[in-house]
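Structure first, commentary second.
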Amino acid sequence: MAAAAALVAAVLVGDPGAASAAGAAVAAACKIEPGSVTAGGDHTHRVITAGSPPTVQEKPGYTDLFPEGLPRLSSLFFNDPVVTGFGGAYAGHVVIGSGLYDSTYFLTESGEVDRTQAHNFRVGGGWGDATFLESSYPHDTNPWALVNHYALRSNGTLTRWDSKGGFGWTNPQSAPGFSAVKTMALISQTATYDTFLATTRGGALYTIRLPLTSPMKPVVKMVRSSTWQVFDALIAEKCGQYGTLLLGIDKDTRSGYLYAIGHANGPATVIQSLGKVPATFADPTYFRHTAEPGTAPLLFGE
């Protein structure tokens, strides 16, 4: 485990030769928390810790949150652990059939879902051709702070919406040309851009930087040219100051693989495989669990 931590540190602290004791301590603490929506409409939650091999902790899941067999896509879900009169709350967005829903559920003080406070509010229709969904929240506790929502359509159109205070998805900005993309994961959030790491059906790995300007003009860089087509879902979390811990999920083999990725810089990006995760990934939809906006650290992988 110590040797693996030092290796991960060398990738993530920005200098491949900087695997110091401090860096190793940071790397040893790197974790990612994937969640899933099961075929039965339940939520799962795992904590995967970087190591050799990676380790997995199963956390409590919650049942019967969505219609069985209908959820297709999910954004991240954040957890607010302190809600007066409750034991916490979870919130995110889900595509159910051809509709987009704002999903929120509260827990009782004993840790069970309060069925009177579990809601899927319809945002809108026309999402039958969506292939990817994600949200980027600022490091700001102000509920009126700007939130960016993203979706990819099967025709290759990538769209961003603004949202403030939860009132609607407004100011859509779109860019065509992403029909080859198979899946993506958010890896960087700054005041001027968001960046996604994307795989293509041909096996390439790219970064897609989306400046927070109008019109939206993506900046695309190839990271690797082949071998990444097996992954059907990607989940990323910050690790160290500049790095990313990446989970790639192969639904065909029900397997997950963990990678330490240095600060993205096109083909010069350092990627270190950390091996197969000792768990089964058999669910149709995966997402990232994170802390509530304003407390979760911003991603800075590019």
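In the structure tokens, the first chain shown is A, the next is B, and so on; residue numbers restart at 1 for each chain, and ligands run from 1 in the order shown.
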Worksheet item: Could you pull out the helix (DSSP H, G or I) residues of range 23-245 of chain A from DSSP and send them as a PyMOL selection string?
Response: chain A and resi 23-28
Would you put the residues from that selection into a file with all heavy atoms, as a PDB file, in the first residue's frame?
```pdb
ATOM      1  N   GLY A  23       3.477  13.978  -0.110  1.00  0.00           N
ATOM      2  CA  GLY A  23       2.691  13.615  -1.286  1.00  0.00           C
ATOM      3  C   GLY A  23       2.065  12.250  -1.132  1.00  0.00           C
ATOM      4  O   GLY A  23       0.915  12.021  -1.519  1.00  0.00           O
ATOM      5  N   ALA A  24       2.807  11.310  -0.573  1.00  0.00           N
ATOM      6  CA  ALA A  24       2.277   9.972  -0.369  1.00  0.00           C
ATOM      7  C   ALA A  24       1.093   9.991   0.584  1.00  0.00           C
ATOM      8  O   ALA A  24       0.115   9.263   0.405  1.00  0.00           O
ATOM      9  CB  ALA A  24       3.371   9.054   0.174  1.00  0.00           C
ATOM     10  N   ALA A  25       1.165  10.846   1.592  1.00  0.00           N
ATOM     11  CA  ALA A  25       0.059  10.943   2.544  1.00  0.00           C
ATOM     12  C   ALA A  25      -1.192  11.458   1.860  1.00  0.00           C
ATOM     13  O   ALA A  25      -2.300  10.987   2.118  1.00  0.00           O
ATOM     14  CB  ALA A  25       0.449  11.861   3.702  1.00  0.00           C
ATOM     15  N   VAL A  26      -1.002  12.454   0.967  1.00  0.00           N
ATOM     16  CA  VAL A  26      -2.146  12.966   0.216  1.00  0.00           C
ATOM     17  C   VAL A  26      -2.740  11.875  -0.644  1.00  0.00           C
ATOM     18  O   VAL A  26      -3.947  11.639  -0.671  1.00  0.00           O
ATOM     19  CB  VAL A  26      -1.723  14.177  -0.649  1.00  0.00           C
ATOM     20  CG1 VAL A  26      -2.837  14.551  -1.614  1.00  0.00           C
ATOM     21  CG2 VAL A  26      -1.370  15.352   0.234  1.00  0.00           C
ATOM     22  N   ALA A  27      -1.863  11.147  -1.378  1.00  0.00           N
ATOM     23  CA  ALA A  27      -2.340  10.123  -2.298  1.00  0.00           C
ATOM     24  C   ALA A  27      -3.045   8.997  -1.560  1.00  0.00           C
ATOM     25  O   ALA A  27      -4.045   8.455  -2.040  1.00  0.00           O
ATOM     26  CB  ALA A  27      -1.176   9.571  -3.106  1.00  0.00           C
ATOM     27  N   ALA A  28      -2.525   8.639  -0.397  1.00  0.00           N
ATOM     28  CA  ALA A  28      -3.135   7.553   0.359  1.00  0.00           C
ATOM     29  C   ALA A  28      -4.556   7.905   0.776  1.00  0.00           C
ATOM     30  O   ALA A  28      -5.369   7.014   1.020  1.00  0.00           O
ATOM     31  CB  ALA A  28      -2.290   7.239   1.585  1.00  0.00           C
TER      32      ALA A  28
END
```
Worksheet item: What residues in range 105-256 of chain A get the DSSP label strand (DSSP E)? Please answer as number ranges by chain.
Response: A: 105-107, 113-124, 130-136, 146-153, 158-164, 170-175, 181-189, 193-200, 205-211, 219-224, 233-239, 243-250, 255-256
Discussion item. Under the rule that only C-alpha atoms are counted, which of A:Met222, A:Ala50, A:Ala185, A:Val56 is the nearest residue to Ala268 in chain A?
Written reply: A:Met222
Fill in: Polymer residues at most 8 Å from Arg72 in chain A, only C-alpha atoms, same-chain spacing of 2 or more positions, as a VMD selection string
chain A and resid 70 74 94 to 97 284 to 285
Worksheet entry | Distance query range 140-154 of chain A at most 10 Å, only C-alpha atoms, self and fewer than 6 positions along chain excluded, as a VMD selection string | chain A and resid 73 75 93 127 to 134 160 to 167 169 to 170 172 to 176 178 to 184 186 194 212 292 to 296
Discussion item. Please determine, counting only C-alpha atoms, which residue among A:Ala291, A:Leu197, A:Val47, A:Val113 has the shortest atom-to-atom distance to Glu33 in chain A.
Written reply: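 Using only C-alpha atoms, Glu33 in chain A sits closest to A:Val47.
Reported to one decimal place, the separation of CA of Trp228 in chain A from CA of Lys251 in chain A is 13.3 Å.
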Fill in: Proximity to Pro267 in chain A - best of A:Thr207, A:Ala236, A:Tyr286, A:Lys217, only C-alpha atoms
A:Thr207
Practice prompt. Considering only C-alpha atoms, state which residue in the set A:Ser110, A:Gln117, A:Thr227, A:Thr159 is at the smallest distance from Tyr90 in chain A.
Written response: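 Smallest separation from Tyr90 in chain A among the options: A:Gln117.
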Worksheet, complete the sentence: Expressed in Å, the length from CA of Ser188 in chain A to CA of Leu247 in chain A is 15.5 Å
Discussion item. Just the number, please: distance in Å from CA of Gly256 in chain A to CA of Gly275 in chain A, one decimal.
Written reply: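 About the pair CA of Gly256 in chain A and CA of Gly275 in chain A: they are 8.7 Å apart.
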Set the distance at 9 Å and use only C-alpha atoms: which residues neighbour Ile249 in chain A once local chain neighbours fewer than 2 positions away are removed? I'd like the list as a CSV table (one decimal) with C-alpha atoms, in the first residue's frame.
```csv
chain,number,residue,atom,x,y,z
A,230,VAL,CA,-14.3,-0.3,-23.3
A,231,PHE,CA,-15.6,2.1,-20.7
A,232,ASP,CA,-19.3,2.9,-20.6
A,233,ALA,CA,-19.1,5.3,-17.6
A,234,LEU,CA,-16.4,7.5,-16.1
A,235,ILE,CA,-16.4,9.0,-12.6
A,247,LEU,CA,-12.9,5.2,-12.2
A,251,LYS,CA,-20.6,-2.7,-18.2
A,253,THR,CA,-17.7,-7.3,-17.9
A,254,ARG,CA,-19.3,-5.6,-14.9
A,255,SER,CA,-15.8,-4.3,-13.9
A,256,GLY,CA,-14.3,-1.1,-12.7
A,257,TYR,CA,-10.7,0.1,-13.1
A,281,PHE,CA,-20.5,-3.0,-11.4
A,286,TYR,CA,-23.6,5.5,-12.5
```
